[in-house]
$ cat query_35.cif   # mmCIF, C-alpha atoms and all ligand atoms
data_work
loop_
_atom_site.label_atom_id
_atom_site.label_comp_id
_atom_site.auth_asym_id
_atom_site.auth_seq_id
_atom_site.Cartn_x
_atom_site.Cartn_y
_atom_site.Cartn_z
CA MET G 925 0.00 0.00 0.00
CA ILE G 926 1.20 3.50 -0.78
CA TYR G 927 0.01 6.07 1.74
CA LEU G 928 0.02 9.79 1.04
CA LEU G 929 0.45 11.57 4.34
CA SER G 930 -0.24 15.26 4.82
CA ALA G 931 1.90 16.24 7.81
CA ASN G 932 2.71 19.64 9.26
CA LEU G 933 6.42 20.32 8.92
CA ASP G 934 6.11 24.07 9.21
CA ILE G 935 8.70 24.26 11.96
CA LYS G 936 10.13 27.65 12.85
CA ASN G 937 12.93 26.99 15.24
CA GLU G 938 15.54 25.22 13.09
CA LYS G 939 17.67 24.14 16.05
CA ASP G 940 14.82 22.32 17.76
CA GLU G 941 13.36 20.67 14.67
CA ILE G 942 13.85 17.09 15.83
CA HIS G 943 12.31 17.72 19.22
CA SER G 944 9.45 19.85 17.99
CA LEU G 945 5.93 18.61 18.52
CA ARG G 946 5.24 18.88 14.80
CA PHE G 947 8.28 16.86 13.69
CA GLN G 948 7.68 14.15 16.29
CA THR G 949 4.00 14.00 15.34
CA ALA G 950 5.01 13.40 11.71
CA VAL G 951 7.53 10.71 12.73
CA LYS G 952 4.85 8.89 14.71
CA ALA G 953 2.39 9.02 11.81
CA ILE G 954 4.97 7.79 9.29
CA LYS G 955 5.97 4.86 11.53
CA LYS G 956 2.39 3.80 11.95
CA LEU G 957 1.55 3.97 8.24
CA LEU G 958 4.75 2.20 7.18
CA GLY G 959 3.78 -0.85 9.20
CA ARG G 960 5.66 -3.79 7.72
CA ASN G 961 5.30 -3.41 4.00
CA ASN G 962 3.94 -0.03 3.08
CA LYS G 963 5.42 3.08 1.50
CA VAL G 964 4.70 6.58 2.74
CA VAL G 965 4.78 9.75 0.66
CA VAL G 966 4.91 12.86 2.85
CA LEU G 967 3.17 16.02 1.62
CA SER G 968 3.91 19.23 3.48
CA HIS G 969 4.72 22.92 3.37
CA HIS G 970 6.89 25.50 5.11
CA GLY G 971 6.30 29.22 5.52
CA ARG G 972 4.68 31.44 2.91
CA PRO G 973 7.00 31.31 -0.12
CA LYS G 974 6.41 33.15 -3.37
CA GLY G 975 7.64 30.54 -5.82
CA PHE G 976 10.83 28.64 -5.04
CA GLU G 977 12.70 29.99 -1.99
CA LYS G 978 15.73 28.00 -0.96
CA LYS G 979 15.47 28.92 2.70
CA LEU G 980 11.97 27.41 2.84
CA SER G 981 12.98 24.11 1.21
CA LEU G 982 12.04 20.89 3.01
CA LYS G 983 15.29 19.27 1.85
CA PRO G 984 17.00 19.54 5.30
CA LEU G 985 14.28 17.31 6.73
CA GLU G 986 15.36 14.37 4.52
CA LYS G 987 18.39 13.68 6.74
CA LEU G 988 16.43 14.28 9.94
CA PHE G 989 13.77 11.75 8.95
CA GLU G 990 16.45 9.22 7.95
CA ARG G 991 18.10 9.62 11.31
CA GLU G 992 14.87 9.36 13.30
CA LEU G 993 13.26 6.57 11.29
CA LYS G 994 16.37 4.63 10.27
CA ARG G 995 14.90 4.06 6.81
CA ASP G 996 15.65 5.32 3.33
CA VAL G 997 14.08 8.66 2.56
CA ILE G 998 13.84 9.85 -1.03
CA PHE G 999 13.46 13.61 -1.44
CA PHE G 1000 11.85 14.90 -4.64
CA LYS G 1001 13.33 18.30 -5.37
CA ASP G 1002 11.01 19.17 -8.26
CA PHE G 1003 7.42 18.36 -9.04
CA ASN G 1004 7.94 15.98 -11.95
CA PHE G 1005 4.90 13.85 -11.28
CA ASN G 1006 5.61 11.26 -14.00
CA LYS G 1007 9.03 10.60 -12.57
CA MET G 1008 7.74 10.56 -9.01
CA ARG G 1009 5.05 7.99 -9.85
CA VAL G 1010 7.65 5.63 -11.34
CA THR G 1011 10.19 6.09 -8.53
CA ILE G 1012 7.56 5.49 -5.86
CA LYS G 1013 6.21 2.38 -7.61
CA GLU G 1014 9.66 0.86 -8.10
CA ALA G 1015 11.06 1.56 -4.64
CA LYS G 1016 11.15 -1.23 -2.08
CA PRO G 1017 8.48 -1.42 0.63
CA GLY G 1018 9.39 0.57 3.73
CA THR G 1019 10.67 3.52 1.71
CA ILE G 1020 9.64 7.04 2.67
CA PHE G 1021 9.29 9.86 0.16
CA LEU G 1022 9.26 13.56 0.89
CA LEU G 1023 7.98 16.09 -1.61
CA GLU G 1024 9.45 19.59 -1.74
CA ASN G 1025 7.48 22.43 -0.08
CA LEU G 1026 4.11 22.29 -1.85
CA ARG G 1027 3.64 26.03 -1.44
CA PHE G 1028 6.38 26.51 -4.05
CA LEU G 1029 3.51 25.68 -6.42
CA ASP G 1030 0.82 28.27 -7.00
CA GLY G 1031 -1.90 25.64 -7.07
CA GLU G 1032 -1.42 24.54 -3.47
CA THR G 1033 -3.01 27.49 -1.67
CA LYS G 1034 -5.36 28.04 -4.63
CA ASN G 1035 -6.77 24.56 -3.99
CA SER G 1036 -6.09 23.62 -7.62
CA LEU G 1037 -8.03 20.55 -8.78
CA LYS G 1038 -5.27 19.75 -11.26
CA LEU G 1039 -2.64 19.66 -8.52
CA GLY G 1040 -4.97 17.71 -6.23
CA LYS G 1041 -5.35 15.09 -8.95
CA GLU G 1042 -1.60 14.88 -9.59
CA LEU G 1043 -0.93 14.44 -5.88
CA ALA G 1044 -3.64 11.80 -5.58
CA SER G 1045 -2.04 9.83 -8.43
CA LEU G 1046 1.07 9.22 -6.30
CA GLY G 1047 -0.56 6.74 -3.92
CA ASP G 1048 -3.50 4.54 -2.90
CA VAL G 1049 -4.87 6.17 0.26
CA PHE G 1050 -4.64 9.76 1.50
CA VAL G 1051 -4.24 10.35 5.23
CA ASN G 1052 -4.61 13.91 6.47
CA ASP G 1053 -2.79 14.45 9.75
CA ASP G 1054 -2.20 18.19 9.45
CA PHE G 1055 -4.59 19.97 11.78
CA ALA G 1056 -2.78 23.32 11.62
CA THR G 1057 -3.92 23.95 8.03
CA ALA G 1058 -7.33 22.27 8.32
CA HIS G 1059 -9.10 25.66 8.41
CA ARG G 1060 -7.81 26.40 4.88
CA LYS G 1061 -8.64 24.82 1.53
CA ASN G 1062 -5.41 23.66 -0.13
CA ALA G 1063 -4.79 21.26 -3.01
CA SER G 1064 -3.07 18.86 -0.58
CA ASN G 1065 -5.87 18.79 1.96
CA PHE G 1066 -9.03 19.57 0.00
CA ALA G 1067 -8.83 19.08 -3.79
CA ILE G 1068 -6.87 15.84 -3.34
CA THR G 1069 -9.75 14.23 -1.43
CA LYS G 1070 -11.90 14.31 -4.56
CA PHE G 1071 -9.62 11.81 -6.31
CA ILE G 1072 -8.53 9.25 -3.72
CA LYS G 1073 -9.79 7.34 -0.68
CA SER G 1074 -9.16 9.76 2.17
CA LYS G 1075 -9.12 9.52 5.94
CA MET G 1076 -8.12 11.26 9.15
CA GLY G 1077 -4.76 10.60 10.74
CA ASP G 1078 -4.46 9.89 14.47
CA THR G 1079 -3.32 13.40 15.36
CA LEU G 1080 -6.08 15.08 13.43
CA LYS G 1081 -8.54 12.72 15.11
CA SER G 1082 -7.25 13.54 18.59
CA GLU G 1083 -7.44 17.28 17.84
CA VAL G 1084 -11.08 16.91 16.90
CA VAL G 1085 -11.82 14.78 19.99
CA ASN G 1086 -9.95 16.96 22.49
CA LEU G 1087 -10.96 20.35 21.18
CA GLY G 1088 -14.46 18.94 20.83
CA LYS G 1089 -14.48 18.56 24.63
CA ALA G 1090 -14.56 22.33 24.93
CA ILE G 1091 -17.41 22.80 22.52
CA LYS G 1092 -19.68 19.94 23.50
CA LYS G 1093 -20.60 19.38 27.14
CA PRO G 1094 -17.57 21.00 28.81
CA LYS G 1095 -16.80 20.19 32.46
CA HIS G 1096 -17.17 23.03 34.97
CA PRO G 1097 -15.59 25.18 36.23
CA PHE G 1098 -14.39 25.86 32.67
CA VAL G 1099 -11.64 28.51 32.51
CA LEU G 1100 -10.45 30.22 29.33
CA ILE G 1101 -7.08 32.00 29.46
CA ILE G 1102 -6.40 34.46 26.66
CA GLY G 1103 -3.14 36.36 26.24
CA GLY G 1104 -0.66 36.96 23.44
CA ALA G 1105 -0.37 39.77 21.00
CA LYS G 1106 -3.63 40.28 19.18
CA MET G 1107 -7.07 40.12 20.59
CA ALA G 1108 -8.73 40.37 17.18
CA ASP G 1109 -7.39 36.86 16.37
CA LYS G 1110 -9.02 35.50 19.51
CA MET G 1111 -12.31 37.37 19.52
CA GLY G 1112 -14.09 34.53 17.70
CA VAL G 1113 -13.09 32.11 20.45
CA ILE G 1114 -14.10 34.53 23.20
CA ASN G 1115 -17.51 35.12 21.63
CA ASN G 1116 -18.18 31.45 20.96
CA LEU G 1117 -17.01 30.16 24.33
CA LEU G 1118 -18.18 32.95 26.62
CA PRO G 1119 -21.63 31.40 27.15
CA LYS G 1120 -19.98 28.04 28.01
CA ILE G 1121 -17.15 29.14 30.29
CA ASP G 1122 -17.15 30.23 33.93
CA HIS G 1123 -14.11 32.55 33.86
CA LEU G 1124 -12.08 34.35 31.22
CA LEU G 1125 -8.59 35.26 32.48
CA LEU G 1126 -6.88 37.97 30.46
CA GLY G 1127 -3.17 38.67 29.97
CA GLY G 1128 -0.89 40.15 27.29
CA GLY G 1129 -2.24 42.51 24.65
CA PRO G 1130 -5.91 41.57 25.16
CA ALA G 1131 -5.65 42.47 28.87
CA ASN G 1132 -4.23 45.87 27.94
CA THR G 1133 -7.15 46.55 25.62
CA PHE G 1134 -9.61 45.63 28.37
CA LEU G 1135 -7.72 47.69 30.97
CA ARG G 1136 -7.84 50.68 28.70
CA ALA G 1137 -11.53 50.12 28.01
CA ALA G 1138 -12.07 50.09 31.78
CA GLY G 1139 -10.33 53.45 32.07
CA PHE G 1140 -6.86 52.44 33.29
CA GLU G 1141 -3.79 54.34 32.09
CA ILE G 1142 -1.79 51.86 29.98
CA GLU G 1143 0.54 54.50 28.44
CA ASN G 1144 2.59 52.97 25.61
CA SER G 1145 1.50 49.35 26.10
CA ILE G 1146 0.38 47.38 23.07
CA TYR G 1147 -3.40 47.34 22.65
CA GLU G 1148 -5.97 47.35 19.85
CA PRO G 1149 -7.99 50.53 19.43
CA GLU G 1150 -10.44 48.78 17.11
CA MET G 1151 -11.25 46.29 19.87
CA LEU G 1152 -12.00 48.93 22.52
CA HIS G 1153 -15.67 49.01 21.73
CA ALA G 1154 -16.11 45.24 21.93
CA SER G 1155 -14.09 45.17 25.16
CA LYS G 1156 -16.25 47.85 26.78
CA ARG G 1157 -19.33 45.85 25.98
CA LEU G 1158 -17.81 42.66 27.43
CA LEU G 1159 -16.61 44.39 30.61
CA LYS G 1160 -20.08 44.09 32.10
CA ASN G 1161 -19.75 40.31 31.97
CA LYS G 1162 -18.86 38.99 35.42
CA LYS G 1163 -16.89 36.09 33.90
CA ILE G 1164 -14.14 38.41 32.75
CA VAL G 1165 -11.12 38.69 35.04
CA MET G 1166 -8.57 41.40 34.24
CA PRO G 1167 -5.09 41.69 35.74
CA ILE G 1168 -4.98 43.61 39.04
CA ASP G 1169 -1.26 44.44 38.88
CA TRP G 1170 1.46 44.35 36.23
CA VAL G 1171 5.16 44.73 35.41
CA LYS G 1172 6.06 47.87 33.51
CA GLU G 1173 9.18 49.08 31.71
CA ASN G 1174 9.52 52.33 29.80
CA SER G 1175 5.82 53.02 30.35
CA ARG G 1176 4.81 49.70 28.78
CA ILE G 1177 2.97 46.85 30.52
CA LEU G 1178 5.03 43.77 29.68
CA ASP G 1179 3.83 41.11 32.12
CA ILE G 1180 1.14 40.38 34.68
CA GLY G 1181 2.06 41.06 38.32
CA LYS G 1182 2.40 38.86 41.42
CA ASP G 1183 -1.10 39.46 42.75
CA THR G 1184 -2.61 38.70 39.35
CA VAL G 1185 -0.68 35.42 39.24
CA LYS G 1186 -2.13 34.58 42.68
CA LEU G 1187 -5.66 35.50 41.64
CA PHE G 1188 -5.46 33.58 38.35
CA SER G 1189 -3.79 30.56 40.00
CA THR G 1190 -6.61 30.24 42.56
CA ILE G 1191 -9.20 30.20 39.79
CA ILE G 1192 -7.11 27.74 37.74
CA SER G 1193 -6.66 25.41 40.72
CA LYS G 1194 -10.41 24.84 40.94
CA ALA G 1195 -10.99 24.37 37.21
CA LYS G 1196 -12.09 21.11 35.64
CA LEU G 1197 -11.36 22.28 32.10
CA ILE G 1198 -8.84 24.92 31.01
CA ILE G 1199 -8.05 26.32 27.58
CA TRP G 1200 -4.99 28.53 27.27
CA SER G 1201 -4.02 30.53 24.19
CA GLY G 1202 -1.43 33.31 24.31
CA PRO G 1203 1.39 34.10 26.78
CA MET G 1204 0.71 36.48 29.67
CA GLY G 1205 3.51 38.86 28.70
CA PHE G 1206 6.54 39.63 26.56
CA PHE G 1207 7.99 36.24 27.53
CA GLU G 1208 10.82 36.30 24.97
CA ASP G 1209 12.61 38.61 27.42
CA GLU G 1210 13.54 36.80 30.64
CA LYS G 1211 12.49 39.81 32.70
CA PHE G 1212 8.90 39.38 31.59
CA THR G 1213 8.44 35.61 31.44
CA LYS G 1214 7.49 35.06 35.09
CA GLY G 1215 3.76 35.65 34.59
CA SER G 1216 3.56 33.09 31.77
CA ASP G 1217 5.79 30.59 33.60
CA ASP G 1218 3.78 30.82 36.81
CA ILE G 1219 0.49 30.41 34.96
CA ALA G 1220 1.94 27.36 33.19
CA ARG G 1221 2.88 25.91 36.58
CA ALA G 1222 -0.57 26.64 37.98
CA VAL G 1223 -2.13 24.88 35.00
CA VAL G 1224 0.05 21.79 35.54
CA LYS G 1225 -0.81 21.75 39.26
CA SER G 1226 -4.54 22.01 38.64
CA ARG G 1227 -6.44 18.74 38.41
CA GLY G 1228 -8.47 20.12 35.53
CA PHE G 1229 -7.90 18.97 31.95
CA CYS G 1230 -5.87 21.58 30.10
CA ILE G 1231 -5.78 22.31 26.39
CA ILE G 1232 -3.00 24.54 25.08
CA GLY G 1233 -2.44 25.89 21.60
CA GLY G 1234 -0.55 28.51 19.64
CA GLY G 1235 3.12 28.55 18.70
CA ASP G 1236 4.19 30.95 21.44
CA THR G 1237 2.13 29.42 24.23
CA THR G 1238 3.57 26.02 23.29
CA ARG G 1239 7.05 27.56 23.46
CA VAL G 1240 6.43 28.63 27.06
CA ILE G 1241 5.45 25.05 27.93
CA ASP G 1242 8.38 23.54 26.01
CA LYS G 1243 10.85 25.87 27.70
CA LEU G 1244 9.69 24.66 31.13
CA LYS G 1245 9.76 21.05 29.86
CA ILE G 1246 6.25 20.37 31.12
CA SER G 1247 4.48 19.42 27.86
CA LYS G 1248 4.02 15.86 29.19
CA ASN G 1249 1.96 17.21 32.09
CA ILE G 1250 -0.48 19.07 29.87
CA GLY G 1251 -3.74 17.32 28.96
CA PHE G 1252 -3.59 18.24 25.30
CA VAL G 1253 -1.21 20.41 23.32
CA SER G 1254 -2.78 21.36 20.00
CA THR G 1255 -0.61 21.38 16.87
CA GLY G 1256 -2.71 24.20 15.49
CA GLY G 1257 -2.58 27.95 16.07
CA GLY G 1258 -5.07 29.64 13.77
CA ALA G 1259 -6.80 26.29 13.17
CA MET G 1260 -7.35 25.78 16.87
CA LEU G 1261 -8.78 29.28 17.21
CA ASP G 1262 -11.14 28.69 14.28
CA PHE G 1263 -12.21 25.31 15.63
CA LEU G 1264 -12.92 26.77 19.09
CA ALA G 1265 -14.70 29.69 17.48
CA GLY G 1266 -17.08 27.15 15.96
CA LYS G 1267 -16.05 27.83 12.37
CA ARG G 1268 -16.23 25.26 9.57
CA MET G 1269 -13.02 23.31 8.98
CA PRO G 1270 -13.04 22.57 5.24
CA ALA G 1271 -10.22 20.01 5.23
CA ILE G 1272 -11.94 17.97 7.94
CA LEU G 1273 -15.34 18.18 6.26
CA ALA G 1274 -13.73 17.02 2.99
CA LEU G 1275 -12.61 13.78 4.67
CA ASN G 1276 -16.12 12.95 5.66
CA LYS G 1277 -17.45 13.10 2.14
CA ASN G 1278 -17.18 9.76 0.40
CA ALA G 1279 -18.07 10.54 -3.21
CA LYS G 1280 -14.84 10.54 -5.21
CA ILE G 1281 -14.22 11.37 -8.85
CA LYS G 1282 -12.11 8.65 -10.44
CA ALA G 1283 -8.49 9.81 -10.71
P1 LIG H 1301 0.31 32.22 20.30
O1 LIG H 1301 1.40 32.06 19.29
O2 LIG H 1301 0.50 31.31 21.47
O3 LIG H 1301 -1.05 32.17 19.70
P2 LIG H 1301 0.38 35.07 20.09
O4 LIG H 1301 1.12 34.93 18.82
O5 LIG H 1301 -1.01 35.57 20.07
O6 LIG H 1301 0.45 33.69 20.92
O7 LIG H 1301 1.18 36.08 21.05
C1 LIG H 1301 2.49 35.89 21.46
C2 LIG H 1301 3.23 37.18 21.48
O8 LIG H 1301 2.60 38.13 22.30
C3 LIG H 1301 4.63 37.00 22.02
O9 LIG H 1301 5.55 37.41 21.05
C4 LIG H 1301 4.65 37.91 23.24
O10 LIG H 1301 5.88 38.57 23.44
C5 LIG H 1301 3.59 38.92 22.92
N1 LIG H 1301 3.08 39.61 24.12
C6 LIG H 1301 2.35 39.11 25.11
N2 LIG H 1301 2.10 40.05 26.04
C7 LIG H 1301 2.70 41.17 25.64
C8 LIG H 1301 2.80 42.51 26.17
N3 LIG H 1301 2.24 42.84 27.32
N4 LIG H 1301 3.51 43.41 25.46
C9 LIG H 1301 4.10 43.05 24.29
N5 LIG H 1301 4.03 41.84 23.74
C10 LIG H 1301 3.33 40.90 24.39
MG MG H 1302 2.29 33.45 17.85
#

$ encode --input "query_35.cif" --output "structure tokens" --more "lines below"
Ligand code: ADP
Ligand code: MG
Amino acid sequence: MIYLLSANLDIKNEKDEIHSLRFQTAVKAIKKLLGRNNKVVVLSHHGRPKGFEKKLSLKPLEKLFERELKRDVIFFKDFNFNKMRVTIKEAKPGTIFLLENLRFLDGETKNSLKLGKELASLGDVFVNDDFATAHRKNASNFAITKFIKSKMGDTLKSEVVNLGKAIKKPKHPFVLIIGGAKMADKMGVINNLLPKIDHLLLGGGPANTFLRAAGFEIENSIYEPEMLHASKRLLKNKKIVMPIDWVKENSRILDIGKDTVKLFSTIISKAKLIIWSGPMGFFEDEKFTKGSDDIARAVVKSRGFCIIGGGDTTRVIDKLKISKNIGFVSTGGGAMLDFLAGKRMPAILALNKNAKIKA
């Protein structure tokens, strides 16, 4: 059997590639699909290239996969589909193939049917295990499903199951923690989950916007003027908990303060379900990472089930080496936010449709 696997290899931190959640998730999926006698063709992307960009090539991953999987990996540096079909067919079972960054092709993000069909022709069954792009229609996660038997990979399945816990019948107290840079990105989640949660704890940029809406002087802190109106309206909601103290430098709020950590930690300790998206402060600077670190520790200590997502929030957890103690770490950033906001996920819906055009 030849499996086509859509995996997320969009890994930012080059040094940590091997240890990254995304790389390890792909390794696990490949191992499982290889079984004893199968071949696996990996479809993926990296960054937002405009045509071919050497620095966004997936070529460096060939060696990393070989080292991790101890199998032959064949990297296809161009998109010569005729040649690829032959090479894949003739290779011995147990071989892994890696296509170059699919976003080097225009058709990928345009969800080109032609590209979807070419990709489908490389194998027998398509397995989508890339949750992080599931909120977008691409040739390698949407068009392709029209031409080949398609199913969900284990990781995609567990994303749907775990994130589903928040949407359907959540356990209470249910606490949502929102921080990070932009509130606009997270407004959909706030609006969709507000009726279901018991407390919304705010840090980072979103907290600043709320503080300003409540009349506090935030000076030069980051905030979003266009969200002031929505924040003012939400302020009346008793579920919303703003910081009560903060750490400032050069007239900018850069972290939550000690008393806020205490207040948030008490609420977190009683929670049965926690969702956390966005660091509490400018955590890249050691001086302002304490708020995020302490909240991470409070989350681990709590007996509630915790779901974490977003590249930066995951980085906080990774840095403290506590990922194993977190209920569920989502591989998606924007996709997780869309899912929790109750939006349609086209790539997931596509897998549930059975009618296929013959390739
Ligand atoms: P995630 O990737 O987890 O979704 P975001 O991308 O929304 O998180 O936000 C992370 C960014 O927000 C980090 O770069 C962090 O430094 C920044 N940030 C958080 N709080 C502040 C603050 N008070 N001032 C400036 N930047 C902040
Ligand atoms: Mg981020």

$ closest_atom_pairs --input "query_35.cif" --of "stretch 1038-1100 of chain G" --to "stretch 1234-1252 of chain G" --cutoff "9 Å" --atoms "all atoms listed in the file" --output "tab-separated table"
residue	atom	partner	partner_atom	distance
G:Ser1082	CA	G:Phe1252	CA	9.0
G:Glu1083	CA	G:Phe1252	CA	8.4
G:Asn1086	CA	G:Phe1252	CA	7.1
G:Leu1087	CA	G:Phe1252	CA	8.7

$ closest_residue --input "query_35.cif" --among "G:Gly1031, G:Pro1097, G:Gly1088, G:Gly1104" --to "ligand LIG 1301 (chain H)" --atoms "all atoms listed in the file"
G:Gly1104

$ closest_residue --input "query_35.cif" --among "G:Thr1213, G:Ser1201, G:Thr1255, G:Ser1155" --to "ligand MG 1302 (chain H)" --atoms "only C-alpha atoms and all ligand atoms"
G:Ser1201

$ closest_residue --input "query_35.cif" --among "G:Leu988, G:Leu993, G:Val1099, G:Met1008" --to "G:His1123" --atoms "all atoms listed in the file"
G:Val1099

$ residues_near_ligand --input "query_35.cif" --ligand "ligand LIG 1301 (chain H)" --cutoff "8 Å" --atoms "all atoms listed in the file" --output "ChimeraX atom specification"
/G:1103-1107,1109,1127-1129,1132,1145-1146,1176-1180,1201-1209,1233-1239,1257-1258

$ atom_distance --input "query_35.cif" --atom1 "atom CA of G:Lys1194" --atom2 "atom CA of G:His1096"
9.2 Å

$ closest_residue --input "query_35.cif" --among "G:Glu992, G:Glu1150, G:Asp1002, G:Glu1173" --to "G:Asn1025" --atoms "all atoms listed in the file"
G:Asp1002

$ residues_around --input "query_35.cif" --residues "stretch 1270-1274 of chain G" --least-positions-apart "2" --cutoff "12 Å" --atoms "all atoms listed in the file" --output "PyMOL selection string"
chain G and resi 930+1035+1050-1077+1080-1081+1083-1084+1259+1262-1263+1267-1268+1276-1280

$ residues_near_point --input "query_35.cif" --point "(8.7, 16.7, -0.1)" --cutoff "12 Å" --atoms "only C-alpha atoms" --output "ChimeraX atom specification"
/G:928-933,964-970,980-986,989,997-1004,1008,1020-1028,1043,1064

$ residues_around --input "query_35.cif" --residues "G:Lys963" --least-positions-apart "2" --cutoff "12 Å" --atoms "all atoms listed in the file" --output "MDAnalysis selection string"
chainID G and resid 925:929 954:961 965:966 995:998 1011:1022 1046:1049

$ atom_distance --input "query_35.cif" --atom1 "atom CA of G:Ala1138" --atom2 "atom CA of G:Lys1156"
6.9 Å

$ atom_distance --input "query_35.cif" --atom1 "atom CA of G:Lys1007" --atom2 "atom CA of G:Phe976"
19.6 Å

$ decode --input "query_35.cif" --residues "stretch 950-966 of chain G" --atoms "N, CA, C and O atoms" --output "CSV table (one decimal), in the first residue's frame"
chain,number,residue,atom,x,y,z
G,950,ALA,N,4.8,14.0,13.1
G,950,ALA,CA,5.0,13.4,11.7
G,950,ALA,C,5.7,12.0,11.8
G,950,ALA,O,5.3,11.1,11.1
G,951,VAL,N,6.8,12.0,12.6
G,951,VAL,CA,7.5,10.7,12.7
G,951,VAL,C,6.6,9.6,13.2
G,951,VAL,O,6.6,8.5,12.6
G,952,LYS,N,5.8,9.9,14.2
G,952,LYS,CA,4.9,8.9,14.7
G,952,LYS,C,3.9,8.4,13.6
G,952,LYS,O,3.6,7.2,13.5
G,953,ALA,N,3.4,9.4,12.8
G,953,ALA,CA,2.4,9.0,11.8
G,953,ALA,C,3.0,8.2,10.7
G,953,ALA,O,2.5,7.2,10.2
G,954,ILE,N,4.3,8.5,10.3
G,954,ILE,CA,5.0,7.8,9.3
G,954,ILE,C,5.2,6.3,9.8
G,954,ILE,O,4.9,5.4,9.0
G,955,LYS,N,5.7,6.2,11.0
G,955,LYS,CA,6.0,4.9,11.5
G,955,LYS,C,4.7,4.0,11.5
G,955,LYS,O,4.8,2.8,11.0
G,956,LYS,N,3.6,4.6,11.9
G,956,LYS,CA,2.4,3.8,11.9
G,956,LYS,C,2.0,3.4,10.5
G,956,LYS,O,1.6,2.2,10.3
G,957,LEU,N,2.0,4.3,9.6
G,957,LEU,CA,1.6,4.0,8.2
G,957,LEU,C,2.5,3.0,7.5
G,957,LEU,O,2.1,2.2,6.7
G,958,LEU,N,3.8,3.1,7.8
G,958,LEU,CA,4.8,2.2,7.2
G,958,LEU,C,4.4,0.7,7.5
G,958,LEU,O,4.5,-0.1,6.6
G,959,GLY,N,4.1,0.5,8.8
G,959,GLY,CA,3.8,-0.9,9.2
G,959,GLY,C,4.9,-1.8,8.8
G,959,GLY,O,6.1,-1.4,8.9
G,960,ARG,N,4.6,-2.9,8.2
G,960,ARG,CA,5.7,-3.8,7.7
G,960,ARG,C,6.0,-3.6,6.3
G,960,ARG,O,7.2,-3.7,5.9
G,961,ASN,N,5.0,-3.3,5.4
G,961,ASN,CA,5.3,-3.4,4.0
G,961,ASN,C,4.8,-2.2,3.2
G,961,ASN,O,4.7,-2.3,2.0
G,962,ASN,N,4.5,-1.1,3.8
G,962,ASN,CA,3.9,0.0,3.1
G,962,ASN,C,5.0,1.0,2.7
G,962,ASN,O,6.1,1.0,3.2
G,963,LYS,N,4.6,1.9,1.8
G,963,LYS,CA,5.4,3.1,1.5
G,963,LYS,C,4.6,4.3,1.9
G,963,LYS,O,3.4,4.3,1.9
G,964,VAL,N,5.4,5.3,2.3
G,964,VAL,CA,4.7,6.6,2.7
G,964,VAL,C,5.3,7.8,2.0
G,964,VAL,O,6.5,8.0,1.9
G,965,VAL,N,4.4,8.5,1.4
G,965,VAL,CA,4.8,9.7,0.7
G,965,VAL,C,4.3,10.9,1.5
G,965,VAL,O,3.1,11.1,1.7
G,966,VAL,N,5.3,11.8,2.0
G,966,VAL,CA,4.9,12.9,2.8
G,966,VAL,C,4.7,14.1,2.0
G,966,VAL,O,5.5,14.6,1.2
